[in-house]
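*Asks:* Just so it is clear, I am handing over run37.csv, which has CSV, C-alpha atoms and all ligand atoms.
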chain,number,residue,atom,x,y,z
Q,32,MET,CA,14.9,6.3,-5.6
Q,33,VAL,CA,12.2,4.4,-7.5
Q,34,ASP,CA,9.5,6.4,-9.2
Q,35,THR,CA,5.9,5.4,-8.3
Q,36,LYS,CA,4.9,5.5,-11.9
Q,37,GLU,CA,7.6,2.9,-12.7
Q,38,LEU,CA,6.3,0.7,-9.8
Q,39,GLN,CA,2.8,1.0,-11.2
Q,40,LYS,CA,4.1,-0.1,-14.6
Q,41,ALA,CA,6.1,-3.0,-13.1
Q,42,VAL,CA,2.9,-4.2,-11.3
Q,43,GLU,CA,0.9,-3.9,-14.5
Q,44,GLN,CA,3.6,-5.8,-16.5
Q,45,PHE,CA,3.6,-8.6,-13.8
Q,46,ARG,CA,-0.2,-8.8,-14.1
Q,47,ASP,CA,-0.3,-8.8,-17.9
Q,48,GLN,CA,2.5,-11.4,-18.3
Q,49,ARG,CA,0.2,-13.8,-16.3
Q,50,ASP,CA,-3.0,-12.8,-17.9
Q,51,TRP,CA,-4.4,-11.8,-14.5
Q,52,LYS,CA,-6.1,-8.6,-15.6
Q,53,ARG,CA,-9.5,-10.3,-15.5
Q,54,TYR,CA,-9.0,-11.0,-11.8
Q,55,HIS,CA,-8.0,-7.4,-10.9
Q,56,THR,CA,-11.4,-6.0,-10.0
Q,57,PRO,CA,-11.8,-3.0,-7.7
Q,58,LYS,CA,-13.5,-5.2,-5.1
Q,59,ASP,CA,-10.9,-8.0,-5.1
Q,60,LEU,CA,-8.0,-5.6,-5.1
Q,61,SER,CA,-9.5,-3.7,-2.2
Q,62,ILE,CA,-10.0,-6.9,-0.3
Q,63,SER,CA,-6.4,-7.9,-1.1
Q,64,VAL,CA,-5.1,-4.6,0.3
Q,65,CYS,CA,-7.0,-5.4,3.6
Q,66,ILE,CA,-5.8,-9.0,3.7
Q,67,GLU,CA,-2.2,-8.0,3.2
Q,68,ALA,CA,-2.6,-5.2,5.9
Q,69,SER,CA,-4.0,-8.0,8.2
Q,70,GLU,CA,-0.9,-10.1,7.5
Q,71,LEU,CA,1.2,-7.0,8.5
Q,72,LEU,CA,-0.8,-6.7,11.7
Q,73,GLU,CA,-0.4,-10.4,12.4
Q,74,LEU,CA,3.4,-10.0,12.6
Q,75,PHE,CA,2.8,-7.9,15.8
Q,76,GLN,CA,0.0,-10.0,17.3
Q,77,TRP,CA,0.7,-11.1,20.8
Q,78,LYS,CA,4.1,-9.5,20.8
Q,79,GLU,CA,5.7,-6.5,22.4
Q,80,ASP,CA,4.7,-3.3,20.7
Q,81,SER,CA,8.2,-2.8,19.1
Q,82,LEU,CA,9.8,-3.2,15.7
Q,83,SER,CA,12.4,-5.3,17.4
Q,84,SER,CA,9.7,-8.0,18.0
Q,85,VAL,CA,9.2,-8.7,14.3
Q,86,ASP,CA,11.4,-10.1,11.6
Q,87,ASP,CA,12.7,-7.3,9.3
Q,88,GLU,CA,12.3,-9.3,6.1
Q,89,ARG,CA,8.7,-10.4,6.9
Q,90,LEU,CA,7.9,-6.8,7.8
Q,91,SER,CA,9.2,-5.4,4.6
Q,92,GLU,CA,7.5,-8.1,2.6
Q,93,GLU,CA,4.1,-7.5,4.1
Q,94,MET,CA,4.5,-3.7,3.6
Q,95,ALA,CA,5.4,-4.4,0.0
Q,96,ASP,CA,2.4,-6.7,-0.5
Q,97,VAL,CA,0.1,-3.9,0.7
Q,98,MET,CA,1.7,-1.4,-1.6
Q,99,ILE,CA,1.7,-3.8,-4.6
Q,100,TYR,CA,-2.1,-4.2,-4.3
Q,101,LEU,CA,-2.5,-0.4,-3.9
Q,102,LEU,CA,-0.5,0.0,-7.0
Q,103,ALA,CA,-2.6,-2.6,-8.9
Q,104,LEU,CA,-5.8,-0.8,-7.7
Q,105,SER,CA,-4.3,2.5,-8.8
Q,106,ASN,CA,-3.7,1.0,-12.3
Q,107,ILE,CA,-7.2,0.0,-12.9
Q,108,ALA,CA,-8.6,3.2,-11.4
Q,109,ASP,CA,-6.2,5.2,-13.5
Q,110,ILE,CA,-4.8,7.0,-10.5
Q,111,ASP,CA,-1.2,8.3,-10.2
Q,112,LEU,CA,-0.6,7.0,-6.7
Q,113,GLY,CA,2.5,9.1,-6.1
Q,114,LYS,CA,0.6,12.2,-7.0
Q,115,ALA,CA,-2.4,11.1,-4.9
Q,116,VAL,CA,0.0,10.7,-1.9
Q,117,GLU,CA,1.5,14.2,-2.5
Q,118,GLU,CA,-1.9,15.8,-2.7
Q,119,LYS,CA,-3.2,14.0,0.4
Q,120,LEU,CA,-0.1,15.1,2.3
Q,121,LYS,CA,-0.8,18.7,1.3
Q,122,LYS,CA,-4.3,18.4,2.6
Q,123,ASN,CA,-3.1,16.8,5.9
Q,124,GLU,CA,-0.5,19.7,6.2
Q,125,GLU,CA,-3.4,22.2,6.0
Q,126,LYS,CA,-5.6,20.2,8.4
Q,127,TYR,CA,-2.8,19.7,10.9
Q,128,PRO,CA,-0.4,22.7,10.9
Q,129,PRO,CA,2.9,21.8,12.5
Q,130,GLU,CA,2.7,24.7,15.0
Q,131,GLU,CA,-0.6,23.5,16.5
Q,132,ASP,CA,-1.0,20.8,19.2
Q,133,HIS,CA,-3.3,18.1,17.9
Q,134,LEU,CA,-5.0,15.7,20.2
Q,135,PHE,CA,-6.7,12.7,18.7
I,1,MG,MG,1.5,-11.1,2.4
Is it possible to express this structure as structure tokens?
*Replies:*
Amino acid sequence: MVDTKELQKAVEQFRDQRDWKRYHTPKDLSISVCIEASELLELFQWKEDSLSSVDDERLSEEMADVMIYLLALSNIADIDLGKAVEEKLKKNEEKYPPEEDHLF
């Protein structure tokens, strides 16, 4: 299992080796998260609503792209993304107890 902190470091190293820090602004990284999420959506556009309708490799690459930009944003915001996910899951657990029926 890969540690989220290690992934954040790897993304930071990739950025710094290319001198791209100057391009990693909050706005542009947030835009990039959305663009990559759109590329993920595009895989499903006009297809049957099933994982079998998309290429596995493309799916994993687009999911990775979203996460890479989230990790990059976490780096400049000094947020431990793994810890943030854990904390948000706890909040969601309290908001949506498993024993209750939740209609959206
Ligand atoms: Mg992509």
*Asks:* Contacts of Val116 (chain Q) at 12 Å or less, counting only C-alpha atoms, minus same-chain residues fewer than 4 places along, as number ranges by chain?
*Replies:* Q: 35, 101-102, 105, 110-112, 120-123
*Asks:* What is the CA of Leu60 (chain Q) to CA of Arg46 (chain Q) distance in Å?
*Replies:*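 Spanning CA of Leu60 (chain Q) to CA of Arg46 (chain Q) is a straight-line distance of 12.3 Å.
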*Asks:* Can I get the residues of chain Q within 9 Å of ligand MG 1 (chain I), each with the closest pair of atoms and their distance in Å to one decimal, using all atoms listed in the file, sorted chain first then ascending number, as a Markdown table?
*Replies:*
| residue | atom | partner | partner_atom | distance |
| --- | --- | --- | --- | --- |
| Q:Ile66 | CA | I:MG1 | MG | 7.7 |
| Q:Glu67 | CA | I:MG1 | MG | 4.9 |
| Q:Ala68 | CA | I:MG1 | MG | 8.0 |
| Q:Ser69 | CA | I:MG1 | MG | 8.6 |
| Q:Glu70 | CA | I:MG1 | MG | 5.7 |
| Q:Leu71 | CA | I:MG1 | MG | 7.4 |
| Q:Arg89 | CA | I:MG1 | MG | 8.5 |
| Q:Glu92 | CA | I:MG1 | MG | 6.7 |
| Q:Glu93 | CA | I:MG1 | MG | 4.8 |
| Q:Met94 | CA | I:MG1 | MG | 8.1 |
| Q:Ala95 | CA | I:MG1 | MG | 8.1 |
| Q:Asp96 | CA | I:MG1 | MG | 5.3 |
| Q:Val97 | CA | I:MG1 | MG | 7.5 |
*Asks:* Please produce a file of those selected residues containing C-alpha atoms, as an mmCIF file, in the frame of the given file.
*Replies:*
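Output file again14.cif follows:
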data_model
loop_
_atom_site.group_PDB
_atom_site.id
_atom_site.type_symbol
_atom_site.label_atom_id
_atom_site.label_comp_id
_atom_site.auth_asym_id
_atom_site.auth_seq_id
_atom_site.Cartn_x
_atom_site.Cartn_y
_atom_site.Cartn_z
ATOM 1 C CA ILE Q 66 -5.800 -9.000 3.700
ATOM 2 C CA GLU Q 67 -2.200 -8.000 3.200
ATOM 3 C CA ALA Q 68 -2.600 -5.200 5.900
ATOM 4 C CA SER Q 69 -4.000 -8.000 8.200
ATOM 5 C CA GLU Q 70 -0.900 -10.100 7.500
ATOM 6 C CA LEU Q 71 1.200 -7.000 8.500
ATOM 7 C CA ARG Q 89 8.700 -10.400 6.900
ATOM 8 C CA GLU Q 92 7.500 -8.100 2.600
ATOM 9 C CA GLU Q 93 4.100 -7.500 4.100
ATOM 10 C CA MET Q 94 4.500 -3.700 3.600
ATOM 11 C CA ALA Q 95 5.400 -4.400 0.000
ATOM 12 C CA ASP Q 96 2.400 -6.700 -0.500
ATOM 13 C CA VAL Q 97 0.100 -3.900 0.700
#
*Asks:* Using Å and a single decimal, report how far CA of Leu72 (chain Q) sits from CA of Tyr100 (chain Q).
*Replies:*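 Straight-line distance from CA of Tyr100 (chain Q) to CA of Leu72 (chain Q) works out to 16.2 Å.
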*Asks:* So how far away is CA of Gly113 (chain Q) from CA of Asp34 (chain Q), in Å?
*Replies:*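 Separation of CA of Asp34 (chain Q) and CA of Gly113 (chain Q): 8.1 Å.
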*Asks:* Which residue gives the smallest distance to Pro57 (chain Q) among Q:Asp109, Q:Glu124, Q:Glu117, Q:Asp86, with all atoms listed in the file counted?
*Replies:*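 Answer, going by the shortest atom-to-atom distance: Q:Asp109.
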*Asks:* Closest to Glu88 (chain Q) among Q:Leu134, Q:Leu74, Q:Ala41, Q:Ala108, using all atoms listed in the file?
*Replies:*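 Closest residue, counting all atoms listed in the file: Q:Leu74.
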*Asks:* Give me the residues near Val85 (chain Q) as a PyMOL selection string, where near means some atom within 10 Å (using all atoms listed in the file) and where sequence neighbours in that chain fewer than 6 positions away do not count.
*Replies:* chain Q and resi 73-76+78-79
*Asks:* Return the single residue from Q:Asp132, Q:Asp80, Q:Ser91, Q:Glu43 that is closest to His55 (chain Q), with distances computed using only C-alpha atoms.
*Replies:*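 Closest candidate: Q:Glu43.
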*Asks:* Given the choices Q:Ile99, Q:Ile107, Q:Lys114, Q:Pro128, which gets closest to Thr56 (chain Q) if the distance is worked out from all atoms listed in the file?
*Replies:*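 The shortest atom-to-atom distance to Thr56 (chain Q) comes from Q:Ile107.
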*Asks:* With all atoms listed in the file as the basis for distance, which of Q:Glu37, Q:Gln44, Q:Val64, Q:Asp50 is at the shortest distance from Leu104 (chain Q)?
*Replies:*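 Answer, going by the shortest atom-to-atom distance: Q:Val64.
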*Asks:* Please rebuild region 97-115 of chain Q with N, CA, C and O atoms and give the result as a CSV table (one decimal), in the coordinates of the input.
*Replies:*
chain,number,residue,atom,x,y,z
Q,97,VAL,N,1.1,-4.9,0.6
Q,97,VAL,CA,0.1,-3.9,0.7
Q,97,VAL,C,0.2,-2.9,-0.4
Q,97,VAL,O,-0.7,-2.6,-1.1
Q,98,MET,N,1.5,-2.4,-0.6
Q,98,MET,CA,1.7,-1.4,-1.6
Q,98,MET,C,1.5,-2.0,-3.1
Q,98,MET,O,1.0,-1.3,-3.9
Q,99,ILE,N,1.9,-3.2,-3.3
Q,99,ILE,CA,1.7,-3.8,-4.6
Q,99,ILE,C,0.2,-3.8,-5.0
Q,99,ILE,O,-0.2,-3.5,-6.1
Q,100,TYR,N,-0.7,-4.2,-4.0
Q,100,TYR,CA,-2.1,-4.2,-4.3
Q,100,TYR,C,-2.6,-2.8,-4.4
Q,100,TYR,O,-3.5,-2.5,-5.2
Q,101,LEU,N,-2.1,-1.8,-3.7
Q,101,LEU,CA,-2.5,-0.4,-3.9
Q,101,LEU,C,-2.1,0.0,-5.3
Q,101,LEU,O,-2.9,0.7,-6.0
Q,102,LEU,N,-0.9,-0.3,-5.7
Q,102,LEU,CA,-0.5,0.0,-7.0
Q,102,LEU,C,-1.3,-0.6,-8.1
Q,102,LEU,O,-1.7,0.0,-9.1
Q,103,ALA,N,-1.7,-1.9,-7.9
Q,103,ALA,CA,-2.6,-2.6,-8.9
Q,103,ALA,C,-4.0,-1.9,-8.9
Q,103,ALA,O,-4.5,-1.7,-10.0
Q,104,LEU,N,-4.5,-1.5,-7.8
Q,104,LEU,CA,-5.8,-0.8,-7.7
Q,104,LEU,C,-5.6,0.6,-8.4
Q,104,LEU,O,-6.5,1.0,-9.2
Q,105,SER,N,-4.5,1.2,-8.2
Q,105,SER,CA,-4.3,2.5,-8.8
Q,105,SER,C,-4.3,2.4,-10.4
Q,105,SER,O,-4.8,3.2,-11.1
Q,106,ASN,N,-3.7,1.3,-10.8
Q,106,ASN,CA,-3.7,1.0,-12.3
Q,106,ASN,C,-5.0,0.9,-12.9
Q,106,ASN,O,-5.3,1.6,-13.9
Q,107,ILE,N,-5.9,0.1,-12.3
Q,107,ILE,CA,-7.2,0.0,-12.9
Q,107,ILE,C,-8.1,1.2,-12.7
Q,107,ILE,O,-9.0,1.4,-13.4
Q,108,ALA,N,-7.8,2.0,-11.6
Q,108,ALA,CA,-8.6,3.2,-11.4
Q,108,ALA,C,-8.0,4.4,-12.1
Q,108,ALA,O,-8.5,5.5,-12.0
Q,109,ASP,N,-6.9,4.2,-12.8
Q,109,ASP,CA,-6.2,5.2,-13.5
Q,109,ASP,C,-5.8,6.4,-12.6
Q,109,ASP,O,-6.1,7.6,-12.9
Q,110,ILE,N,-5.3,6.0,-11.5
Q,110,ILE,CA,-4.8,7.0,-10.5
Q,110,ILE,C,-3.3,7.0,-10.4
Q,110,ILE,O,-2.7,5.9,-10.3
Q,111,ASP,N,-2.7,8.2,-10.4
Q,111,ASP,CA,-1.2,8.3,-10.2
Q,111,ASP,C,-1.1,8.3,-8.7
Q,111,ASP,O,-1.3,9.3,-8.0
Q,112,LEU,N,-0.6,7.1,-8.1
Q,112,LEU,CA,-0.6,7.0,-6.7
Q,112,LEU,C,0.4,7.9,-6.0
Q,112,LEU,O,0.1,8.5,-4.9
Q,113,GLY,N,1.5,8.1,-6.7
Q,113,GLY,CA,2.5,9.1,-6.1
Q,113,GLY,C,1.9,10.5,-6.0
Q,113,GLY,O,2.1,11.2,-5.0
Q,114,LYS,N,1.2,10.9,-7.0
Q,114,LYS,CA,0.6,12.2,-7.0
Q,114,LYS,C,-0.5,12.3,-6.0
Q,114,LYS,O,-0.7,13.3,-5.3
Q,115,ALA,N,-1.3,11.2,-5.9
Q,115,ALA,CA,-2.4,11.1,-4.9
Q,115,ALA,C,-1.8,11.3,-3.4
Q,115,ALA,O,-2.4,12.0,-2.6
